[in-house]
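Novice: Submitted below is the structure of interest, expressed as C-alpha cells.
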Amino acid sequence: MSVQERKQRERAERERLIVATARELAEQQGWDAVTTRRLAERIEYSQPVLYSHFRGKREIIGAVALEGAAEMAAELRAAVVPADGPRGRVTALARAYLDFAERNPAVYDALFRLDTGLAFAVEDTPEPLKDAFAALLETLAEVAGDGVHPGLFTEVFWASLHGLATLTRAGRLLPGDAEKRIDLLVERLAVA
C-alpha cells in the first residue's frame, strides 16, 4: 500500500469516526449537544482536524443524514420482501418507516428536520436521499391507482408517515392506537 493510499484510508476512517461519534452523541443527548469542541474531545483529535473533514456542524449533520438515508432504504426494502400482496407490503413499509423513526430519532431529525444543506427533490439530490425515496416508491407505485402519478402518491403517503412519526414522538397522539393508524392509512389511502 502506498503512502497516499494509507493516508486516504486513515482520512476515511477519521471521517467515519466523526460521523459515528456525532450520531451517537446526538442519539444520547440531542443535536444541541453536538459541537465541534465536544466531538474533538470525544474522538481525541483537534478541532482543526474536524474542520479538515467538515466545514462545521451542518455538514456533519448532513453526513449523518446520508448515512441514515442509506440505512432507512435498506430497512424499508428488507421489510417488504416477506410480505404478501400489495396491502401486506404497504403495511410492512409503513411499520418499518415508523420503527426506523422511533429507533433513530437523531438520524430522523438529521434527515427531515434539521438544516443539512442537502438538496431534496431536485436533480442534484444526493444518491442516498434519492434511494430512500425510491425504496418508498417501489412499494407504493403498485397501489397509487389509475391516473395517479406514483411519485406524487409516494410523496403524500410519505408525508402521512412523517406526520405520524413526528406527532407520535412529540406525544401528541394516543400511544395505544399506533397499529390502528397504520391500518387506517393503508386501508384508506393506499389500498382503497
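We label chains A, B, ... in the order they appear in the C-alpha cells, count residues from 1 in each chain, and number ligands from 1 in the order shown.
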What lies within 10 Å of A:Val81 using only C-alpha atoms, ignoring chain neighbours under 4 positions off, as a list in words?

Specialist: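 Residues near the query, excluding close chain neighbours: Leu76, Arg77, Gly88, Arg89, Ala92 and Leu93 of chain A.
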
Novice: May I have all residues of stretch 75-176 of chain A that DSSP, computed from the backbone, assigns to alpha helix (DSSP H), given as an NGL selection string?

Specialist: :A and (75-80 or 85-103 or 105-112 or 127-140 or 150-169)

Novice: Have a look at A:Ala135, A:Ala26, A:Val186, A:Ala144 and name the one nearest to A:Ala73; count only C-alpha atoms.

Specialist: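 Of A:Ala135, A:Ala26, A:Val186, A:Ala144, the one nearest A:Ala73, counting only C-alpha atoms, is A:Ala135.
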
Novice: Pick the closest to A:Val90 from A:Ala33, A:Ala132, A:Leu140, A:Ala74: which is it, counting only C-alpha atoms?

Specialist: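 Using only C-alpha atoms, the shortest distance to A:Val90 belongs to A:Leu140.
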
Novice: What is the atom CA of A:Ile18 to atom CA of A:Met1 distance in Å?

Specialist: 24.3 Å

Novice: Within 9 Å of A:Ala121, counting only C-alpha atoms, which residues show up once you throw out same-chain ones fewer than 4 positions away? Write them as a PDB file with N, CA, C and O atoms, in the first residue's frame, please.

Specialist:
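Result saved to part22.pdb:
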```
ATOM      1  N   THR A 125     -29.954  16.049  -5.991  1.00  0.00           N
ATOM      2  CA  THR A 125     -30.179  15.406  -4.696  1.00  0.00           C
ATOM      3  C   THR A 125     -29.165  14.277  -4.546  1.00  0.00           C
ATOM      4  O   THR A 125     -28.981  13.489  -5.477  1.00  0.00           O
ATOM      5  N   LEU A 129     -30.343   9.936  -0.588  1.00  0.00           N
ATOM      6  CA  LEU A 129     -31.682  10.502  -0.407  1.00  0.00           C
ATOM      7  C   LEU A 129     -32.616  10.037  -1.514  1.00  0.00           C
ATOM      8  O   LEU A 129     -33.775   9.687  -1.260  1.00  0.00           O
ATOM      9  N   LYS A 130     -32.117  10.015  -2.745  1.00  0.00           N
ATOM     10  CA  LYS A 130     -32.917   9.509  -3.864  1.00  0.00           C
ATOM     11  C   LYS A 130     -33.279   8.046  -3.637  1.00  0.00           C
ATOM     12  O   LYS A 130     -34.398   7.620  -3.920  1.00  0.00           O
TER      13      LYS A 130
END
```

Novice: Set the distance at 12 Å and use only C-alpha atoms: which residues neighbour A:Pro150 once local chain neighbours fewer than 6 positions away are removed? I'd like the list as an NGL selection string.

Specialist: :A and (133-134 or 136-144 or 156-158 or 190)

Novice: Would you mind exporting C-alpha atoms of the selected residues as a compact mmCIF listing (two decimals), in the first residue's frame?

Specialist:
```txt
# COMPACT_ATOMS: atom_id res chain seq x y z
CA PHE A 133 -37.39 7.83 -1.71
CA ALA A 134 -37.05 5.06 -4.29
CA LEU A 136 -40.82 4.02 -0.72
CA LEU A 137 -41.78 4.40 -4.38
CA GLU A 138 -41.00 0.78 -5.26
CA THR A 139 -43.75 -0.45 -2.97
CA LEU A 140 -46.19 2.44 -3.21
CA ALA A 141 -46.18 2.67 -7.01
CA GLU A 142 -48.17 -0.54 -7.23
CA VAL A 143 -51.04 0.94 -5.18
CA ALA A 144 -51.04 4.52 -6.48
CA VAL A 156 -48.44 12.11 0.00
CA PHE A 157 -48.06 8.73 1.70
CA TRP A 158 -44.58 9.68 2.94
CA ALA A 190 -53.06 3.02 -0.24
```

Novice: Which of these residues is nearest to A:Asn104, using only C-alpha atoms: A:Glu71, A:Glu5, A:Asp84, A:Glu179?

Specialist: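 Among the listed residues, A:Glu71 lies closest to A:Asn104.
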
Novice: For A:Tyr108, please output as a PyMOL selection string all residues within 12 Å (counting only C-alpha atoms; exclusion window: fewer than 3 positions along the same chain).

Specialist: chain A and resi 23+26-27+30-31+61-62+64-69+71-72+97-105+111-114+162+165-166+169

Novice: Figure out the distance between atom CA of A:Arg16 and atom CA of A:Gly117, please, to one decimal in Å.

Specialist: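 Distance between the two atoms: 19.3 Å.
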
Novice: Name the closest residue to A:Thr91 among the candidates A:Ile182, A:Arg188, A:Thr154, A:Glu75; distances are taken between atoms, counting only C-alpha atoms.

Specialist: A:Ile182

Novice: Would you mind listing what lies within 12 Å of A:Ala22 as a PyMOL selection string, with only C-alpha atoms counted and same-chain residues fewer than 2 positions away left out?

Specialist: chain A and resi 15-20+24-43+50+56-65+67+106-107+110

Novice: In Å to one decimal, how far is atom CA of A:Phe54 from atom CA of A:Glu123?

Specialist: 23.4 Å

Novice: Point out the residue among A:Ser46, A:Ser52, A:Arg172, A:Asp115 with the least atom-to-atom distance to A:Ala12, counting only C-alpha atoms.

Specialist: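 When distances to A:Ala12 are compared using only C-alpha atoms, the smallest one comes from A:Ser52.
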
Novice: From the set A:Ala159, A:Leu174, A:Ala96, A:Val3, which residue has the shortest atom-to-atom contact distance to A:Val80, counting only C-alpha atoms?

Specialist: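 The shortest atom-to-atom distance to A:Val80 comes from A:Ala96.
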